[in-house]
>>> print(open('model03.cif').read())   # mmCIF, C-alpha atoms
data_start
#
loop_
_atom_site.label_atom_id
_atom_site.label_comp_id
_atom_site.auth_asym_id
_atom_site.auth_seq_id
_atom_site.Cartn_x
_atom_site.Cartn_y
_atom_site.Cartn_z
CA LEU A 705 12.26 14.65 51.51
CA PHE A 706 9.83 14.73 48.56
CA SER A 707 12.64 15.85 46.22
CA ILE A 708 14.82 12.97 47.35
CA ILE A 709 12.03 10.48 46.73
CA LEU A 710 11.41 11.87 43.24
CA LEU A 711 15.12 11.72 42.43
CA PHE A 712 15.30 8.11 43.64
CA VAL A 713 12.18 7.01 41.73
CA GLY A 714 13.35 8.70 38.53
CA ALA A 715 16.69 6.88 38.64
CA ILE A 716 15.20 3.40 38.92
CA GLY A 717 14.66 1.60 35.65
CA ASP A 718 15.12 4.65 33.45
CA VAL A 719 15.57 3.22 29.96
CA ASP A 720 15.38 4.46 26.38
CA VAL A 721 12.35 3.82 24.19
CA CYS A 722 12.34 0.33 22.65
CA PRO A 723 11.82 1.13 18.93
CA GLY A 724 8.99 -1.07 17.72
CA GLU A 725 7.38 -1.71 21.11
CA SER A 726 3.66 -0.97 21.23
CA MET A 727 2.17 1.81 23.30
CA ARG A 728 0.68 -0.72 25.76
CA TYR A 729 2.51 1.11 28.58
CA GLY A 730 2.07 4.60 27.14
CA ASP A 731 5.74 5.29 26.41
CA ALA A 732 7.12 2.17 24.62
CA LYS A 733 9.67 1.47 27.36
CA CYS A 734 10.64 -1.87 28.91
CA ASN A 735 10.36 -0.84 32.55
CA HIS A 736 6.73 -1.21 33.56
CA ASP A 737 5.64 -4.74 34.43
CA SER A 738 7.46 -7.48 36.31
CA THR A 739 8.73 -9.42 33.28
CA HIS A 740 8.89 -7.49 29.97
CA ARG A 741 12.24 -5.81 30.72
CA VAL A 742 14.47 -6.81 27.77
CA CYS A 743 14.34 -4.83 24.52
CA ALA A 744 15.12 -7.46 21.89
CA LYS A 745 15.66 -6.82 18.20
CA LEU A 746 13.21 -9.15 16.46
CA VAL A 747 13.11 -7.71 12.94
CA ASP A 748 15.96 -7.08 10.48
CA GLU A 749 16.12 -3.30 10.10
CA ASN A 750 17.01 -3.54 6.38
CA THR A 751 14.63 -6.23 5.12
CA MET A 752 11.92 -5.88 7.80
CA ASP A 753 11.81 -9.69 7.96
CA PRO A 754 12.06 -11.60 11.24
CA LEU A 755 15.68 -11.53 12.45
CA THR A 756 17.48 -14.87 12.68
CA TRP A 757 18.98 -15.80 16.04
CA GLY A 758 21.63 -18.34 15.03
CA SER A 759 20.71 -21.57 13.29
CA ALA A 760 17.61 -22.05 15.47
CA GLY A 761 15.54 -19.53 13.49
CA ASP A 762 13.77 -16.35 14.49
CA PHE A 763 12.45 -15.31 17.90
CA TRP A 764 8.94 -16.60 17.21
CA MET A 765 10.16 -20.01 16.05
CA ILE A 766 12.55 -20.44 19.00
CA THR A 767 10.02 -19.39 21.64
CA GLY A 768 7.11 -21.33 20.13
CA GLN A 769 5.14 -18.15 19.39
CA LYS A 770 5.11 -18.35 15.57
CA GLN A 771 1.31 -18.43 15.45
CA TRP A 772 1.22 -15.04 17.20
CA GLN A 773 4.07 -13.44 15.23
CA TRP A 774 3.63 -9.69 15.64
CA ASP A 775 6.37 -8.35 13.36
CA GLN A 776 3.89 -6.11 11.53
CA ASP A 777 3.05 -4.41 14.83
CA ILE A 778 6.77 -3.78 15.37
CA ILE A 779 7.53 -2.18 12.00
CA ASN A 780 4.43 0.05 11.84
CA GLU A 781 3.51 3.27 13.65
CA PRO A 782 3.04 4.65 16.20
CA ASN A 783 6.54 3.51 17.30
CA ALA A 784 7.91 1.87 14.15
CA GLY A 785 11.15 -0.01 14.70
CA ASP A 786 12.72 -3.45 14.92
CA SER A 787 12.41 -4.37 18.60
CA TRP A 788 9.99 -5.41 21.35
CA CYS A 789 9.98 -5.70 25.14
CA ILE A 790 10.26 -9.44 25.81
CA CYS A 791 9.96 -11.44 29.01
CA MET A 792 13.05 -12.08 31.09
CA TRP A 793 12.25 -15.82 31.01
CA ALA A 794 12.08 -15.75 27.20
CA PHE A 795 15.45 -13.98 27.11
CA ALA A 796 16.99 -16.64 29.38
CA ASN A 797 15.41 -19.37 27.25
CA LEU A 798 16.81 -17.82 24.06
CA ILE A 799 20.30 -17.75 25.55
CA SER A 800 20.09 -21.43 26.48
CA LYS A 801 18.99 -22.30 22.93
CA VAL A 802 21.19 -20.03 20.77
CA GLY A 803 23.95 -18.78 23.08
CA CYS A 804 24.74 -15.25 24.16
CA ASP A 805 26.68 -14.52 20.97
CA ASN A 806 23.52 -14.93 18.88
CA ILE A 807 21.17 -12.68 20.84
CA HIS A 808 20.09 -9.25 19.63
CA ILE A 809 19.20 -6.73 22.32
CA ARG A 810 19.24 -2.97 22.73
CA CYS A 811 21.15 -2.32 25.95
CA PRO A 812 20.02 1.31 26.50
CA SER A 813 16.39 0.19 26.14
CA THR A 814 16.74 -2.87 28.40
CA ASP A 815 16.21 -2.50 32.15
CA VAL A 816 19.53 -4.20 32.91
CA SER A 817 19.61 -3.36 36.62
CA TYR A 818 16.10 -4.78 37.12
CA VAL A 819 16.98 -8.06 35.38
CA LEU A 820 20.23 -8.37 37.34
CA ASP A 821 18.30 -7.94 40.60
CA ARG A 822 16.01 -10.90 39.83
CA TYR A 823 16.96 -14.55 40.27
CA ASP A 824 14.07 -16.09 38.37
CA ASP A 825 11.10 -15.17 36.23
CA TYR A 826 8.04 -17.41 36.35
CA GLY A 827 10.20 -20.32 37.52
CA HIS A 828 12.95 -19.79 34.94
CA ASP A 829 16.47 -19.34 36.32
CA LEU A 830 17.99 -16.05 35.14
CA THR A 831 21.66 -16.90 35.83
CA ALA A 832 22.53 -17.24 32.13
CA ALA A 833 20.68 -13.98 31.42
CA HIS A 834 22.75 -12.23 34.10
CA GLU A 835 26.05 -13.43 32.63
CA CYS A 836 25.01 -12.53 29.11
CA LEU A 837 23.83 -9.04 30.10
CA LYS A 838 27.04 -8.37 32.02
CA ASN A 839 29.05 -9.23 28.88
CA THR A 840 26.73 -7.64 26.31
CA CYS A 841 25.77 -4.48 28.22
CA PRO A 842 28.73 -3.78 30.52
CA ALA A 843 28.13 -0.02 30.75
CA SER A 844 24.42 -0.32 31.54
#
>>> encode(input="model03.cif", output="structure tokens")
Amino acid sequence: LFSIILLFVGAIGDVDVCPGESMRYGDAKCNHDSTHRVCAKLVDENTMDPLTWGSAGDFWMITGQKQWQWDQDIINEPNAGDSWCICMWAFANLISKVGCDNIHIRCPSTDVSYVLDRYDDYGHDLTAAHECLKNTCPAS
């Protein structure tokens, strides 16, 4: 019975490291708390500048978080990269503002099954996020 439980627990929410995510959870994965489940690319991997999400600007501009812009945390060690685990509600909000075609996520590092099992996140409807994930990450 113990082996079955371990197998089941290991299969839930197993995602790749989100390159750029801090070590706030110990392993830089987007599968720990109840909201930060989407690994979004926030920095251009070539220029290391904030990545533009359509004509609306970068992630921090669109989500109203410009004053807390943490791109330097993303591009520096210990897990240097271009991405960060963002809230499901922020992901849904981004889709409503820029459309699914303009989002930048890392499917293997996003807890797709967890997001698809949730209907809302802090009062934000996740229907658009579900449709976008199904189209963007069909194999996940």
>>> closest_residue(input="model03.cif", among="A:Leu830, A:Cys811, A:Val819, A:Leu746", to="A:Ala796", atoms="all atoms listed in the file")
A:Leu830
>>> axis_aligned_box(input="model03.cif", around="stretch 814-827 of chain A", padding_each_side="8 Å", output="JSON")
{"center_x": 14.1, "center_y": -11.4, "center_z": 34.5, "size_x": 28.2, "size_y": 33.8, "size_z": 28.2}
>>> atom_distance(input="model03.cif", atom1="atom CA of A:Cys743", atom2="atom CA of A:Thr814")
5.0 Å
>>> atom_distance(input="model03.cif", atom1="atom CA of A:Pro812", atom2="atom CA of A:Cys789")
12.3 Å
>>> resolve_selection(input="model03.cif", expression="the PyMOL selection byres ((chain A and resi 742) around 10)", output="number ranges by chain")
A: 722, 733-735, 739-741, 743-745, 787-795, 809-816, 818-819, 837
>>> atom_distance(input="model03.cif", atom1="atom CA of A:Ala732", atom2="atom CA of A:Ala760")
27.9 Å
>>> residues_around(input="model03.cif", residues="stretch 766-774 of chain A", least_positions_apart="5", cutoff="9 Å", atoms="only C-alpha atoms", output="ChimeraX atom specification")
/A:757,760-761,794,797-798,801-802
>>> residues_around(input="model03.cif", residues="A:Pro782", least_positions_apart="5", cutoff="10 Å", atoms="all atoms listed in the file", output="list in words")
Pro723, Gly724, Glu725, Ser726, Met727, Ala732 and Asp777 of chain A
>>> closest_residue(input="model03.cif", among="A:His828, A:His736, A:Arg822, A:Lys838", to="A:Asp718", atoms="all atoms listed in the file")
A:His736
>>> closest_residue(input="model03.cif", among="A:Ala784, A:Trp764, A:Ser759, A:Asp775", to="A:Gly803", atoms="only C-alpha atoms")
A:Ser759
>>> resolve_selection(input="model03.cif", expression="the PyMOL selection byres ((chain A and resi 752) around 9)", output="number ranges by chain")
A: 747-751, 753-755, 775-776, 779, 786
>>> write_last_selection(input="model03.cif", atoms="C-alpha atoms", output="JSON list (two decimals), keeping the file's coordinate frame")
[["chain", "number", "residue", "atom", "x", "y", "z"],
["A", 747, "VAL", "CA", 13.11, -7.71, 12.94],
["A", 748, "ASP", "CA", 15.96, -7.08, 10.48],
["A", 749, "GLU", "CA", 16.12, -3.30, 10.10],
["A", 750, "ASN", "CA", 17.01, -3.54, 6.38],
["A", 751, "THR", "CA", 14.63, -6.23, 5.12],
["A", 753, "ASP", "CA", 11.81, -9.69, 7.96],
["A", 754, "PRO", "CA", 12.06, -11.60, 11.24],
["A", 755, "LEU", "CA", 15.68, -11.53, 12.45],
["A", 775, "ASP", "CA", 6.37, -8.35, 13.36],
["A", 776, "GLN", "CA", 3.89, -6.11, 11.53],
["A", 779, "ILE", "CA", 7.53, -2.18, 12.00],
["A", 786, "ASP", "CA", 12.72, -3.45, 14.92]]
>>> closest_residue(input="model03.cif", among="A:Phe763, A:Asn783, A:Ala833, A:Gly758", to="A:Gly730", atoms="only C-alpha atoms")
A:Asn783
>>> closest_residue(input="model03.cif", among="A:Cys804, A:Glu781, A:Ser738, A:Cys841", to="A:Asp821", atoms="all atoms listed in the file")
A:Ser738
